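Student: This is the content of query_38.tsv (TSV, C-alpha atoms):
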chain	number	residue	atom	x	y	z
A	1	MET	CA	-3.42	8.30	14.96
A	2	HIS	CA	-6.72	7.62	16.63
A	3	ILE	CA	-8.94	4.80	15.37
A	4	GLU	CA	-12.55	4.56	16.47
A	5	ILE	CA	-14.94	1.66	15.93
A	6	LEU	CA	-18.54	2.85	16.04
A	7	GLY	CA	-21.14	0.33	17.09
A	8	SER	CA	-23.38	-0.75	19.88
A	9	GLY	CA	-21.28	-3.69	20.99
A	10	CYS	CA	-22.70	-6.24	18.56
A	11	ALA	CA	-20.82	-9.25	17.21
A	12	ARG	CA	-20.07	-7.55	13.88
A	13	CYS	CA	-18.59	-4.56	15.70
A	14	HIS	CA	-16.30	-6.83	17.71
A	15	SER	CA	-15.08	-8.60	14.58
A	16	LEU	CA	-14.27	-5.26	12.95
A	17	GLU	CA	-12.32	-4.26	16.03
A	18	ALA	CA	-10.40	-7.54	15.95
A	19	ASN	CA	-9.62	-7.01	12.25
A	20	VAL	CA	-8.34	-3.49	12.96
A	21	HIS	CA	-5.90	-4.91	15.50
A	22	LYS	CA	-4.80	-7.53	12.96
A	23	ALA	CA	-4.30	-4.85	10.32
A	24	LEU	CA	-2.18	-2.77	12.68
A	25	GLN	CA	-0.07	-5.85	13.34
A	26	LEU	CA	0.33	-6.44	9.59
A	27	LEU	CA	1.45	-2.85	9.20
A	28	GLY	CA	3.68	-3.04	12.25
A	29	LYS	CA	2.11	0.16	13.58
A	30	GLU	CA	0.58	1.12	16.84
A	31	ALA	CA	-2.49	3.25	17.29
A	32	GLN	CA	-5.07	4.06	19.86
A	33	VAL	CA	-8.19	1.99	19.13
A	34	THR	CA	-11.41	2.95	20.86
A	35	ALA	CA	-14.81	1.30	20.63
A	36	VAL	CA	-17.45	4.02	20.63
A	37	THR	CA	-20.84	2.86	21.85
A	38	ASP	CA	-22.36	6.15	22.95
A	39	MET	CA	-25.24	6.90	20.57
A	40	ALA	CA	-24.82	10.69	20.67
A	41	GLN	CA	-21.15	10.35	19.70
A	42	ILE	CA	-21.98	7.86	16.95
A	43	MET	CA	-24.74	10.01	15.50
A	44	ALA	CA	-22.44	13.02	15.43
A	45	TYR	CA	-20.56	11.26	12.62
A	46	GLY	CA	-23.81	10.88	10.68
A	47	VAL	CA	-23.25	7.16	10.25
A	48	LEU	CA	-26.38	4.99	10.25
A	49	SER	CA	-25.11	1.48	9.60
A	50	MET	CA	-22.89	-0.23	12.09
A	51	PRO	CA	-20.12	-1.04	12.50
A	52	ALA	CA	-18.20	1.95	11.19
A	53	LEU	CA	-14.49	2.66	11.02
A	54	VAL	CA	-13.35	6.19	11.85
A	55	VAL	CA	-9.75	7.32	11.65
A	56	ASP	CA	-8.80	10.71	13.08
A	57	GLY	CA	-12.41	11.86	12.87
A	58	LYS	CA	-12.92	10.72	9.27
A	59	VAL	CA	-15.42	7.95	8.40
A	60	LEU	CA	-13.63	5.38	6.23
A	61	ALA	CA	-16.30	2.66	6.10
A	62	SER	CA	-19.73	1.95	7.49
A	63	GLY	CA	-22.04	-1.05	7.65
A	64	ARG	CA	-19.29	-3.46	6.66
A	65	VAL	CA	-16.95	-5.72	8.54
A	66	LEU	CA	-13.74	-5.00	6.66
A	67	SER	CA	-11.23	-7.81	6.45
A	68	PRO	CA	-7.77	-7.17	7.96
A	69	GLU	CA	-6.46	-6.65	4.40
A	70	GLU	CA	-9.17	-4.08	3.66
A	71	VAL	CA	-8.53	-2.24	6.92
A	72	LYS	CA	-4.82	-2.20	6.05
A	73	ARG	CA	-5.55	-0.70	2.64
A	74	ALA	CA	-7.93	1.86	4.14
A	75	LEU	CA	-5.35	2.90	6.72
A	76	VAL	CA	-2.59	3.20	4.12
A	77	ASN	CA	-4.87	5.28	1.90
A	78	ALA	CA	-5.65	7.47	4.89
A	79	GLY	CA	-1.95	8.17	5.01
A	80	ILE	CA	-0.53	6.41	8.02
B	81	MET	CA	-27.32	-32.81	-11.49
B	82	LEU	CA	-27.67	-32.36	-7.74
B	83	THR	CA	-29.62	-35.60	-7.48
B	84	LEU	CA	-26.67	-37.39	-9.06
B	85	VAL	CA	-24.26	-35.89	-6.53
B	86	ALA	CA	-26.56	-36.78	-3.63
B	87	ASP	CA	-27.08	-40.32	-4.96
B	88	TRP	CA	-23.37	-40.83	-5.47
B	89	PHE	CA	-22.55	-39.55	-1.97
B	90	THR	CA	-25.18	-41.71	-0.28
B	91	TYR	CA	-25.04	-44.95	-2.22
B	92	VAL	CA	-21.48	-45.04	-3.55
B	93	LEU	CA	-19.36	-43.11	-1.07
B	94	LEU	CA	-21.21	-44.12	2.10
B	95	ARG	CA	-22.25	-47.50	0.61
B	96	MET	CA	-25.73	-47.27	2.08
B	97	PRO	CA	-28.33	-49.71	0.79
B	98	GLN	CA	-30.96	-48.18	-1.45
B	99	GLY	CA	-34.55	-47.86	-0.35
B	100	THR	CA	-34.14	-47.81	3.42
B	101	VAL	CA	-35.58	-44.97	5.48
B	102	LEU	CA	-32.13	-43.94	6.71
B	103	SER	CA	-30.44	-43.89	3.31
B	104	SER	CA	-33.25	-41.91	1.73
B	105	ALA	CA	-33.06	-39.43	4.64
B	106	VAL	CA	-29.32	-39.06	4.05
B	107	GLN	CA	-29.82	-38.67	0.30
B	108	PHE	CA	-32.51	-36.08	0.98
B	109	PHE	CA	-30.24	-34.21	3.39
B	110	VAL	CA	-27.28	-34.09	0.99
B	111	TYR	CA	-29.45	-32.96	-1.92
B	112	ASP	CA	-31.16	-30.23	0.09
B	113	ILE	CA	-28.05	-28.91	1.76
B	114	ILE	CA	-26.14	-28.51	-1.54
B	115	LYS	CA	-29.09	-26.87	-3.25
B	116	ILE	CA	-29.73	-24.51	-0.34
B	117	TYR	CA	-26.10	-23.50	0.13
B	118	LEU	CA	-25.86	-22.68	-3.59
B	119	LEU	CA	-29.05	-20.61	-3.45
B	120	LEU	CA	-27.92	-18.88	-0.28
B	121	ALA	CA	-24.61	-17.89	-1.84
B	122	GLY	CA	-26.31	-16.64	-5.03
B	123	VAL	CA	-29.08	-14.61	-3.39
B	124	ILE	CA	-26.88	-13.14	-0.65
B	125	PHE	CA	-24.25	-12.11	-3.19
B	126	ALA	CA	-26.84	-10.40	-5.38
B	127	VAL	CA	-28.40	-8.55	-2.44
B	128	GLY	CA	-24.99	-7.67	-0.99
B	129	LEU	CA	-24.04	-6.14	-4.33
B	130	LEU	CA	-27.33	-4.23	-4.51
B	131	GLN	CA	-26.77	-2.86	-1.01
B	132	THR	CA	-23.62	-1.05	-2.07
B	133	TRP	CA	-25.81	1.29	-4.11
B	134	LEU	CA	-28.29	1.75	-1.29
B	135	PRO	CA	-26.53	2.68	1.92
B	136	PRO	CA	-28.93	3.89	4.65
B	137	GLU	CA	-27.46	7.38	4.34
B	138	THR	CA	-28.87	7.46	0.80
B	139	ILE	CA	-32.14	5.73	1.74
B	140	LYS	CA	-33.06	8.31	4.37
B	141	GLY	CA	-32.65	11.08	1.78
B	142	VAL	CA	-34.95	9.27	-0.64
B	143	LEU	CA	-37.59	8.58	2.02
B	144	ALA	CA	-37.74	12.17	3.24
B	145	ARG	CA	-38.56	13.41	-0.25
B	146	HIS	CA	-41.63	11.43	-1.36
B	147	SER	CA	-45.37	11.52	-0.70
B	148	ARG	CA	-46.73	9.51	2.24
B	149	LEU	CA	-47.86	6.32	0.49
B	150	MET	CA	-44.90	6.28	-1.91
B	151	SER	CA	-42.50	6.65	1.02
B	152	HIS	CA	-44.06	3.64	2.73
B	153	VAL	CA	-43.72	1.53	-0.42
B	154	LEU	CA	-40.11	2.62	-0.93
B	155	ALA	CA	-39.33	2.12	2.77
B	156	SER	CA	-40.56	-1.46	2.68
B	157	LEU	CA	-38.64	-2.26	-0.53
B	158	MET	CA	-35.46	-0.70	0.79
B	159	GLY	CA	-35.95	-2.37	4.15
B	160	ALA	CA	-36.16	-5.69	2.34
B	161	VAL	CA	-32.81	-5.08	0.63
B	162	ALA	CA	-31.01	-3.39	3.53
B	163	PRO	CA	-28.97	-5.64	5.78
B	164	PHE	CA	-30.55	-6.01	9.15
B	165	CYS	CA	-28.10	-5.89	11.96
B	166	SER	CA	-29.66	-5.36	15.33
B	167	CYS	CA	-26.77	-3.03	16.10
B	168	SER	CA	-27.85	-0.65	13.32
B	169	ALA	CA	-31.53	-0.42	14.28
B	170	VAL	CA	-31.09	2.39	16.80
B	171	PRO	CA	-28.77	4.63	14.75
B	172	MET	CA	-30.96	4.11	11.66
B	173	PHE	CA	-34.07	5.02	13.63
B	174	ILE	CA	-32.50	8.20	14.99
B	175	GLY	CA	-30.97	9.12	11.64
B	176	PHE	CA	-34.24	8.61	9.75
B	177	VAL	CA	-36.42	10.51	12.22
B	178	GLU	CA	-33.87	13.32	12.51
B	179	SER	CA	-33.69	13.87	8.77
B	180	GLY	CA	-37.45	14.25	8.51
B	181	VAL	CA	-38.56	10.73	7.60
B	182	PRO	CA	-42.03	10.32	9.21
B	183	LEU	CA	-42.27	7.90	12.15
B	184	GLY	CA	-44.65	5.57	10.29
B	185	VAL	CA	-42.32	5.34	7.28
B	186	THR	CA	-39.38	4.63	9.57
B	187	MET	CA	-41.37	1.83	11.21
B	188	THR	CA	-42.24	0.35	7.80
B	189	PHE	CA	-38.51	0.17	7.08
B	190	LEU	CA	-37.72	-1.37	10.48
B	191	ILE	CA	-40.47	-3.99	10.07
B	192	ALA	CA	-39.49	-5.04	6.54
B	193	SER	CA	-35.76	-5.15	7.20
B	194	PRO	CA	-35.58	-8.15	9.58
B	195	MET	CA	-38.61	-9.93	8.09
B	196	ILE	CA	-37.25	-10.07	4.53
B	197	THR	CA	-33.62	-11.12	4.46
B	198	PRO	CA	-31.64	-12.67	1.61
B	199	SER	CA	-30.89	-15.79	3.64
B	200	GLY	CA	-34.55	-16.26	4.54
B	201	VAL	CA	-35.71	-15.77	0.96
B	202	ALA	CA	-33.05	-18.17	-0.38
B	203	LEU	CA	-34.13	-20.81	2.12
B	204	LEU	CA	-37.80	-20.39	1.26
B	205	TRP	CA	-36.96	-20.58	-2.42
B	206	GLY	CA	-34.89	-23.72	-2.02
B	207	LEU	CA	-37.29	-25.52	0.32
B	208	PHE	CA	-40.76	-24.27	-0.57
B	209	GLY	CA	-40.23	-23.19	-4.18
B	210	ALA	CA	-40.11	-19.82	-5.91
B	211	ARG	CA	-43.88	-19.26	-5.74
B	212	ILE	CA	-44.04	-19.42	-1.94
B	213	ALA	CA	-40.85	-17.37	-1.56
B	214	ILE	CA	-42.45	-14.64	-3.68
B	215	LEU	CA	-45.68	-14.85	-1.68
B	216	TYR	CA	-43.71	-14.54	1.56
B	217	VAL	CA	-41.86	-11.46	0.30
B	218	ALA	CA	-45.07	-9.90	-1.04
B	219	PHE	CA	-46.92	-10.41	2.23
B	220	GLY	CA	-43.91	-9.22	4.23
B	221	LEU	CA	-43.93	-6.00	2.20
B	222	VAL	CA	-47.70	-5.58	2.64
B	223	ILE	CA	-47.50	-6.16	6.40
B	224	SER	CA	-44.69	-3.63	6.79
B	225	ILE	CA	-46.50	-1.03	4.68
B	226	VAL	CA	-49.86	-1.48	6.44
B	227	SER	CA	-48.33	-1.56	9.95
B	228	GLY	CA	-46.25	1.54	9.20
B	229	LEU	CA	-49.28	3.37	7.75
B	230	VAL	CA	-51.31	2.54	10.87
B	231	ILE	CA	-48.54	3.70	13.22
B	232	GLY	CA	-48.13	6.88	11.15
B	233	HIS	CA	-51.86	7.49	11.25
B	234	LEU	CA	-52.00	7.20	15.05
B	235	HIS	CA	-49.50	10.09	15.45
B	236	LEU	CA	-47.45	8.44	18.15
B	237	GLU	CA	-44.43	10.75	17.87
B	238	ARG	CA	-44.78	11.65	21.57
B	239	TRP	CA	-44.08	8.01	22.42
B	240	VAL	CA	-40.63	8.16	20.92
B	241	GLU	CA	-37.90	8.60	23.54
B	242	ASP	CA	-37.23	12.32	23.95
B	243	TYR	CA	-33.47	12.15	23.42
B	244	VAL	CA	-34.06	10.95	19.84
B	245	TYR	CA	-35.25	14.40	18.85
B	246	GLN	CA	-32.39	16.09	20.68
B	247	THR	CA	-29.62	14.03	19.11
B	248	LYS	CA	-27.60	15.95	16.56
B	249	VAL	CA	-26.92	13.92	13.44
B	250	GLY	CA	-23.79	14.84	11.56
B	251	GLU	CA	-23.64	15.15	7.78
B	252	GLN	CA	-22.20	12.11	6.11
B	253	SER	CA	-21.93	11.80	2.38
B	254	ALA	CA	-22.05	8.20	1.25
B	255	THR	CA	-18.65	7.02	0.09
B	256	THR	CA	-18.41	6.04	-3.56
B	257	LEU	CA	-17.08	2.58	-4.28
B	258	SER	CA	-15.43	1.12	-7.35
B	259	LEU	CA	-17.04	-1.91	-9.03
B	260	GLN	CA	-14.28	-4.09	-7.62
B	261	GLU	CA	-15.06	-2.86	-4.10
B	262	ARG	CA	-18.77	-3.50	-4.66
B	263	LEU	CA	-18.09	-7.07	-5.79
B	264	ARG	CA	-15.86	-7.59	-2.81
B	265	ALA	CA	-18.59	-6.21	-0.53
B	266	GLY	CA	-21.05	-8.70	-2.02
B	267	TRP	CA	-18.64	-11.56	-1.51
B	268	ASN	CA	-17.87	-10.46	2.07
B	269	TYR	CA	-21.60	-10.35	2.76
B	270	VAL	CA	-21.87	-13.97	1.59
B	271	ARG	CA	-18.99	-15.04	3.85
B	272	GLU	CA	-20.31	-13.11	6.82
B	273	ILE	CA	-23.85	-14.51	6.62
B	274	PHE	CA	-22.65	-18.00	5.74
B	275	ARG	CA	-20.45	-18.21	8.79
B	276	ARG	CA	-23.43	-17.27	10.94
B	277	VAL	CA	-26.24	-19.29	9.35
B	278	ALA	CA	-24.57	-22.34	7.75
B	279	PRO	CA	-24.55	-24.47	10.93
B	280	TRP	CA	-28.17	-23.57	11.73
B	281	VAL	CA	-29.25	-24.39	8.20
B	282	ALA	CA	-27.50	-27.76	8.30
B	283	ALA	CA	-29.10	-28.54	11.68
B	284	GLY	CA	-32.51	-27.44	10.43
B	285	VAL	CA	-32.25	-29.49	7.23
B	286	ALA	CA	-31.09	-32.51	9.22
B	287	ILE	CA	-34.06	-32.27	11.59
B	288	GLY	CA	-36.29	-31.68	8.57
B	289	ALA	CA	-34.91	-34.80	6.86
B	290	PHE	CA	-35.57	-36.76	10.04
B	291	ILE	CA	-39.16	-35.51	10.19
B	292	HIS	CA	-39.61	-36.37	6.49
B	293	GLY	CA	-38.44	-39.89	7.18
B	294	TYR	CA	-39.96	-40.71	10.53
B	295	ALA	CA	-42.79	-38.42	11.65
B	296	PRO	CA	-46.27	-39.75	10.91
B	297	ALA	CA	-48.03	-37.67	8.30
B	298	ASP	CA	-51.29	-37.16	10.13
B	299	LEU	CA	-49.78	-36.01	13.44
B	300	LEU	CA	-49.80	-32.33	12.59
B	301	VAL	CA	-53.02	-32.36	10.68
B	302	ARG	CA	-54.67	-33.60	13.83
B	303	TYR	CA	-53.25	-30.88	16.09
B	304	ALA	CA	-52.40	-27.93	13.86
B	305	GLY	CA	-54.48	-28.51	10.76
B	306	ARG	CA	-56.99	-26.28	9.08
B	307	ASP	CA	-59.71	-27.29	11.51
B	308	ASN	CA	-57.91	-25.86	14.52
B	309	PRO	CA	-58.85	-22.17	14.60
B	310	LEU	CA	-56.17	-21.38	17.17
B	311	ALA	CA	-53.27	-22.86	15.18
B	312	VAL	CA	-52.13	-19.60	13.55
B	313	LEU	CA	-52.32	-17.70	16.84
B	314	VAL	CA	-50.34	-20.35	18.71
B	315	ALA	CA	-47.77	-20.58	15.89
B	316	VAL	CA	-47.20	-16.81	16.03
B	317	LEU	CA	-46.83	-16.82	19.82
B	318	ILE	CA	-44.30	-19.66	19.61
B	319	GLY	CA	-42.45	-17.87	16.81
B	320	ILE	CA	-41.78	-14.58	18.60
B	321	PRO	CA	-38.98	-15.77	20.96
B	322	LEU	CA	-37.22	-17.91	18.31
B	323	TYR	CA	-35.38	-15.14	16.52
B	324	SER	CA	-31.69	-16.03	16.51
B	325	ASN	CA	-32.22	-19.33	14.70
B	326	ALA	CA	-34.56	-18.13	11.95
B	327	GLU	CA	-32.45	-19.88	9.30
B	328	GLY	CA	-32.60	-23.15	11.19
B	329	VAL	CA	-36.34	-22.87	11.73
B	330	ILE	CA	-37.31	-22.63	8.05
B	331	PRO	CA	-36.21	-26.18	7.05
B	332	ILE	CA	-38.08	-27.60	10.04
B	333	VAL	CA	-41.22	-25.68	9.13
B	334	GLN	CA	-40.90	-26.97	5.57
B	335	ALA	CA	-40.86	-30.54	6.85
B	336	LEU	CA	-43.91	-29.85	9.03
B	337	TRP	CA	-45.63	-28.25	6.04
B	338	ALA	CA	-44.92	-31.38	3.99
B	339	LYS	CA	-46.55	-33.34	6.81
B	340	GLY	CA	-49.73	-31.34	6.58
B	341	LEU	CA	-49.17	-28.06	8.41
B	342	PRO	CA	-51.26	-25.50	6.47
B	343	LEU	CA	-49.22	-22.97	4.49
B	344	GLY	CA	-50.76	-19.91	6.18
B	345	THR	CA	-49.86	-21.24	9.61
B	346	ALA	CA	-46.32	-22.02	8.42
B	347	LEU	CA	-45.80	-18.58	6.85
B	348	ALA	CA	-47.28	-16.74	9.86
B	349	PHE	CA	-44.95	-18.69	12.11
B	350	MET	CA	-41.90	-17.73	10.05
B	351	MET	CA	-42.92	-14.08	9.88
B	352	ALA	CA	-43.30	-14.05	13.68
B	353	VAL	CA	-39.86	-15.63	14.06
B	354	THR	CA	-38.17	-12.99	11.91
B	355	GLY	CA	-40.37	-9.91	12.23
B	356	LEU	CA	-41.02	-9.87	15.94
B	357	SER	CA	-38.34	-10.88	18.33
B	358	LEU	CA	-37.31	-10.34	21.89
B	359	PRO	CA	-33.76	-9.09	21.18
B	360	GLU	CA	-35.03	-6.70	18.52
B	361	SER	CA	-37.72	-5.42	20.88
B	362	LEU	CA	-35.15	-4.79	23.60
B	363	ILE	CA	-33.07	-2.78	21.16
B	364	LEU	CA	-36.05	-0.79	19.87
B	365	ARG	CA	-36.99	-0.07	23.48
B	366	ARG	CA	-34.01	2.30	23.53
B	367	VAL	CA	-35.77	4.62	21.09
B	368	LEU	CA	-39.46	3.77	21.64
B	369	LYS	CA	-41.34	4.35	24.87
B	370	PRO	CA	-43.05	1.17	26.19
B	371	LYS	CA	-46.46	2.23	24.86
B	372	LEU	CA	-45.16	2.65	21.30
B	373	LEU	CA	-43.18	-0.59	21.50
B	374	ALA	CA	-46.31	-2.45	22.62
B	375	THR	CA	-48.35	-0.80	19.84
B	376	PHE	CA	-45.70	-1.81	17.30
B	377	ILE	CA	-45.65	-5.44	18.47
B	378	GLY	CA	-49.46	-5.52	18.59
B	379	ILE	CA	-49.98	-4.12	15.10
B	380	VAL	CA	-47.34	-6.31	13.46
B	381	GLY	CA	-48.51	-9.38	15.37
B	382	VAL	CA	-52.13	-8.87	14.39
B	383	SER	CA	-51.17	-8.27	10.74
B	384	ILE	CA	-49.19	-11.51	10.67
B	385	ILE	CA	-52.08	-13.44	12.21
B	386	ILE	CA	-54.53	-11.98	9.68
B	387	VAL	CA	-52.24	-12.96	6.80
B	388	GLY	CA	-51.95	-16.46	8.24
B	389	TYR	CA	-55.71	-16.96	8.42
B	390	LEU	CA	-56.18	-15.37	5.01
B	391	PHE	CA	-53.71	-17.81	3.48
B	392	ASN	CA	-55.33	-20.79	5.14
B	393	ALA	CA	-58.75	-19.67	3.92
B	394	VAL	CA	-57.71	-18.98	0.33
B	395	MET	CA	-55.17	-21.68	-0.47
Now, as a test, write the supplied structure out as structure tokens.

Tutor:
Amino acid sequence: MHIEILGSGCARCHSLEANVHKALQLLGKEAQVTAVTDMAQIMAYGVLSMPALVVDGKVLASGRVLSPEEVKRALVNAGI
Amino acid sequence: MLTLVADWFTYVLLRMPQGTVLSSAVQFFVYDIIKIYLLLAGVIFAVGLLQTWLPPETIKGVLARHSRLMSHVLASLMGAVAPFCSCSAVPMFIGFVESGVPLGVTMTFLIASPMITPSGVALLWGLFGARIAILYVAFGLVISIVSGLVIGHLHLERWVEDYVYQTKVGEQSATTLSLQERLRAGWNYVREIFRRVAPWVAAGVAIGAFIHGYAPADLLVRYAGRDNPLAVLVAVLIGIPLYSNAEGVIPIVQALWAKGLPLGTALAFMMAVTGLSLPESLILRRVLKPKLLATFIGIVGVSIIIVGYLFNAVM
């Protein structure tokens, strides 16, 4: 599984990234987590509000800093 | 109700004597801080909830479909509701322009969004009263609409960075949320903003309480009163670099206003703090060529100054 955090390196993007790591810990899973800051790559997903959470190329949330619990739920729903 | 809590805290819990300057400053601080935190939570929750129906992916579709003037009005209203995160300014700009939203309309949105925020409105409401909060919002909307119309009229599309027009924007359908998820989003928005602004607000209210208690009332009238024609201009110039602490600035401005700073000067100062800022300009520089960035700052700055003088003349 490949998790991407879209954002331009702002504080909210960093907190989402931290929460993703916490969620993975809660789930006891490992995954590749990448912070995407390149605008062309971000725009290719069609997301306008940062930060956004993308799992295996699918946008799960945008413009919100999900809590670790919410990330966990989103990942489970995405079928990990 | 709140007065009782503040009185009890100051005179019973802290056992401060009544009627001294210090105890009334403490009482004032406790009363204000409780009232403002409650208002902040209420307004931010309401706006956070509203936002879940208006993600930018939806907004850009709406803005690309209407007539010129209507788009500007809608852009300013939606900008007022949309959360402003400096990290979203660039992707929103590219996404809007790419999907056919005119440059001027996009600028209206980007001007209204940081100038009118739920935390700012809640603070104005709590400190200055509902009437002035409404006036601030109304003038913020007008400034964003007029500035955007002017930029649109000047046809400055060539001053947008070239890569903006070459960027491919993917299709993204807005995700639908359940009511429970919307409520949670509103609550998360409250927590997120609170964590960021609560210390600034407390510091601002504390300084404000100090000014209320100690600063002589005629100090400001002498230097920044109605008779000083440069006051609004100077206030706006001071306001531009103060962005990150906007929430802390408002309580201080309120105290200065109570000490005789004219309302127009105070409002112009706050609009400059929120609407024009160095960090935001640096971010917008990534999509706007220097000439367009300078035009943007000039037009918004002049509009704010005009509103300030207008207020001082009328009220």

Student: Kindly assemble as a Markdown table a list of the chain B residues that lie within 6 Å of chain A, each paired with its nearest atom pair and their distance in Å to one decimal, using all atoms listed in the file, sorted first by chain and then by ascending residue number.

Tutor:
| residue | atom | partner | partner_atom | distance |
| --- | --- | --- | --- | --- |
| B:Cys167 | CA | A:Ser8 | CA | 5.6 |
| B:Ser168 | CA | A:Ser49 | CA | 5.1 |
| B:Pro171 | CA | A:Leu48 | CA | 5.1 |
| B:Met172 | CA | A:Leu48 | CA | 4.9 |
| B:Val249 | CA | A:Met43 | CA | 4.9 |
| B:Gly250 | CA | A:Gly46 | CA | 4.1 |
| B:Glu251 | CA | A:Gly46 | CA | 5.2 |
| B:Gln252 | CA | A:Gly46 | CA | 5.0 |

Student: List the spatial neighbours of His21 in chain A as a PyMOL selection string - criterion: any atom at most 9 Å away, all atoms listed in the file, same-chain residues fewer than 4 positions off excluded.

Tutor: chain A and resi 16-17+25-26+30+33+68

Student: Take the residues from that selection and put them in a file with C-alpha atoms, as a PDB file, in the frame of the given file.

Tutor:
ATOM      1  CA  LEU A  16     -14.270  -5.260  12.950  1.00  0.00           C
ATOM      2  CA  GLU A  17     -12.320  -4.260  16.030  1.00  0.00           C
ATOM      3  CA  GLN A  25      -0.070  -5.850  13.340  1.00  0.00           C
ATOM      4  CA  LEU A  26       0.330  -6.440   9.590  1.00  0.00           C
ATOM      5  CA  GLU A  30       0.580   1.120  16.840  1.00  0.00           C
ATOM      6  CA  VAL A  33      -8.190   1.990  19.130  1.00  0.00           C
ATOM      7  CA  PRO A  68      -7.770  -7.170   7.960  1.00  0.00           C
TER       8      PRO A  68
END

Student: Which one is closest to Leu118 in chain B: B:Tyr389, B:Phe274, B:Tyr245, B:Trp133? Count only C-alpha atoms.

Tutor: B:Phe274

Student: Of the candidates B:Glu178, B:Ile320, B:Ser383, B:Tyr117, which shows the shortest atom-to-atom distance to Ala282 in chain B, using only C-alpha atoms?

Tutor: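 Nearest candidate to Ala282 in chain B out of B:Glu178, B:Ile320, B:Ser383, B:Tyr117: B:Tyr117.
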
Student: Between CA of Ala348 in chain B and CA of Val240 in chain B, what distance in Å does the model show, to one decimal?

Tutor: 28.0 Å

Student: Could you tell me how far CA of Leu356 in chain B sits from CA of His146 in chain B, in Å to one decimal place?

Tutor: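 Interatomic distance here is 27.4 Å.
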